[in-house]
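Peer 1: Okay, here's the structure, questions in a sec.
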Amino acid sequence: MKIIFNPDEKTVTAIREGLKRKEGYCPCRIVRSEDTVCMCKEFREQIADPEFEGFCHCRLYYKSK
């Protein structure tokens with residue numbers, strides 16, 4: 001398993017700017033809760049699945065097998 005940033009630098013820049021504006025909460029989510037602090041709960045659960053390969057919801061991170 002390996003987790004990397006999205007290879008598209010424009011996407012990474014945009015998401016990181018959104019994270020700064022929202023004080024670390026996922027810029028793709030409306031609700032601010034512990035579950036939406038980057039790295040969000042949804043992606044942490046996907047990481048735990050050994051069969052999952054793909055991007056997190058906001059496409060900042062990519063998990064490969």
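Each chain in the structure tokens gets a letter, A, B, ..., in the order shown, and its residues are numbered from 1; ligands are numbered from 1 in order too.
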If you run DSSP on the backbone, which residues of chain A are helix (DSSP H, G or I), as a PyMOL selection string?

Peer 2: chain A and resi 9-21+34-36+41-48

Peer 1: How would the residues just chosen look if you wrote them out with C-alpha atoms as a PDB file, in the first residue's frame?

Peer 2:
```
ATOM      1  CA  GLU A   9      -0.306  19.677  -9.371  1.00  0.00           C
ATOM      2  CA  LYS A  10      -3.176  22.070 -10.168  1.00  0.00           C
ATOM      3  CA  THR A  11      -5.617  19.828  -8.306  1.00  0.00           C
ATOM      4  CA  VAL A  12      -3.283  19.539  -5.317  1.00  0.00           C
ATOM      5  CA  THR A  13      -2.786  23.312  -5.206  1.00  0.00           C
ATOM      6  CA  ALA A  14      -6.526  23.997  -5.391  1.00  0.00           C
ATOM      7  CA  ILE A  15      -7.390  21.468  -2.683  1.00  0.00           C
ATOM      8  CA  ARG A  16      -4.610  22.700  -0.371  1.00  0.00           C
ATOM      9  CA  GLU A  17      -5.857  26.280  -0.762  1.00  0.00           C
ATOM     10  CA  GLY A  18      -9.350  25.068   0.093  1.00  0.00           C
ATOM     11  CA  LEU A  19      -8.001  23.275   3.166  1.00  0.00           C
ATOM     12  CA  LYS A  20      -6.379  26.515   4.346  1.00  0.00           C
ATOM     13  CA  ARG A  21      -9.624  28.453   3.831  1.00  0.00           C
ATOM     14  CA  GLU A  34     -14.143  15.355  13.034  1.00  0.00           C
ATOM     15  CA  ASP A  35     -15.150  13.085  10.150  1.00  0.00           C
ATOM     16  CA  THR A  36     -14.346  15.780   7.567  1.00  0.00           C
ATOM     17  CA  LYS A  41     -12.889   9.456   7.885  1.00  0.00           C
ATOM     18  CA  GLU A  42     -14.209   8.160   4.559  1.00  0.00           C
ATOM     19  CA  PHE A  43     -10.701   7.893   3.096  1.00  0.00           C
ATOM     20  CA  ARG A  44      -9.223   6.445   6.308  1.00  0.00           C
ATOM     21  CA  GLU A  45     -11.826   3.682   6.067  1.00  0.00           C
ATOM     22  CA  GLN A  46     -10.997   3.153   2.395  1.00  0.00           C
ATOM     23  CA  ILE A  47      -7.305   2.911   3.294  1.00  0.00           C
ATOM     24  CA  ALA A  48      -8.140   0.146   5.761  1.00  0.00           C
TER      25      ALA A  48
END
```

Peer 1: If we count only C-alpha atoms and set the cut-off at 6 Å, which residues sit around region 54-63 of chain A, ignoring sequence neighbours fewer than 4 positions away in its own chain? Please answer as a list of chain:residue names.

Peer 2: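 Once the nearby chain positions are removed, what remains is A:Lys2, A:Ile3, A:Ile4, A:Phe5, A:Asn6, A:Val12, A:Cys28, A:Phe43.
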
Peer 1: Using DSSP on the backbone coordinates, identify all residues within chain A classified as strand (DSSP E); present the result as a ChimeraX atom specification.

Peer 2: /A:2-5,54-55,61-64

Peer 1: Quick one: of A:Cys26, A:Lys65, A:Cys40, A:Ser33, who's nearest to Phe52 (chain A), counting only C-alpha atoms?

Peer 2: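 Checking each of A:Cys26, A:Lys65, A:Cys40, A:Ser33 against Phe52 (chain A), counting only C-alpha atoms, the winner is A:Lys65.
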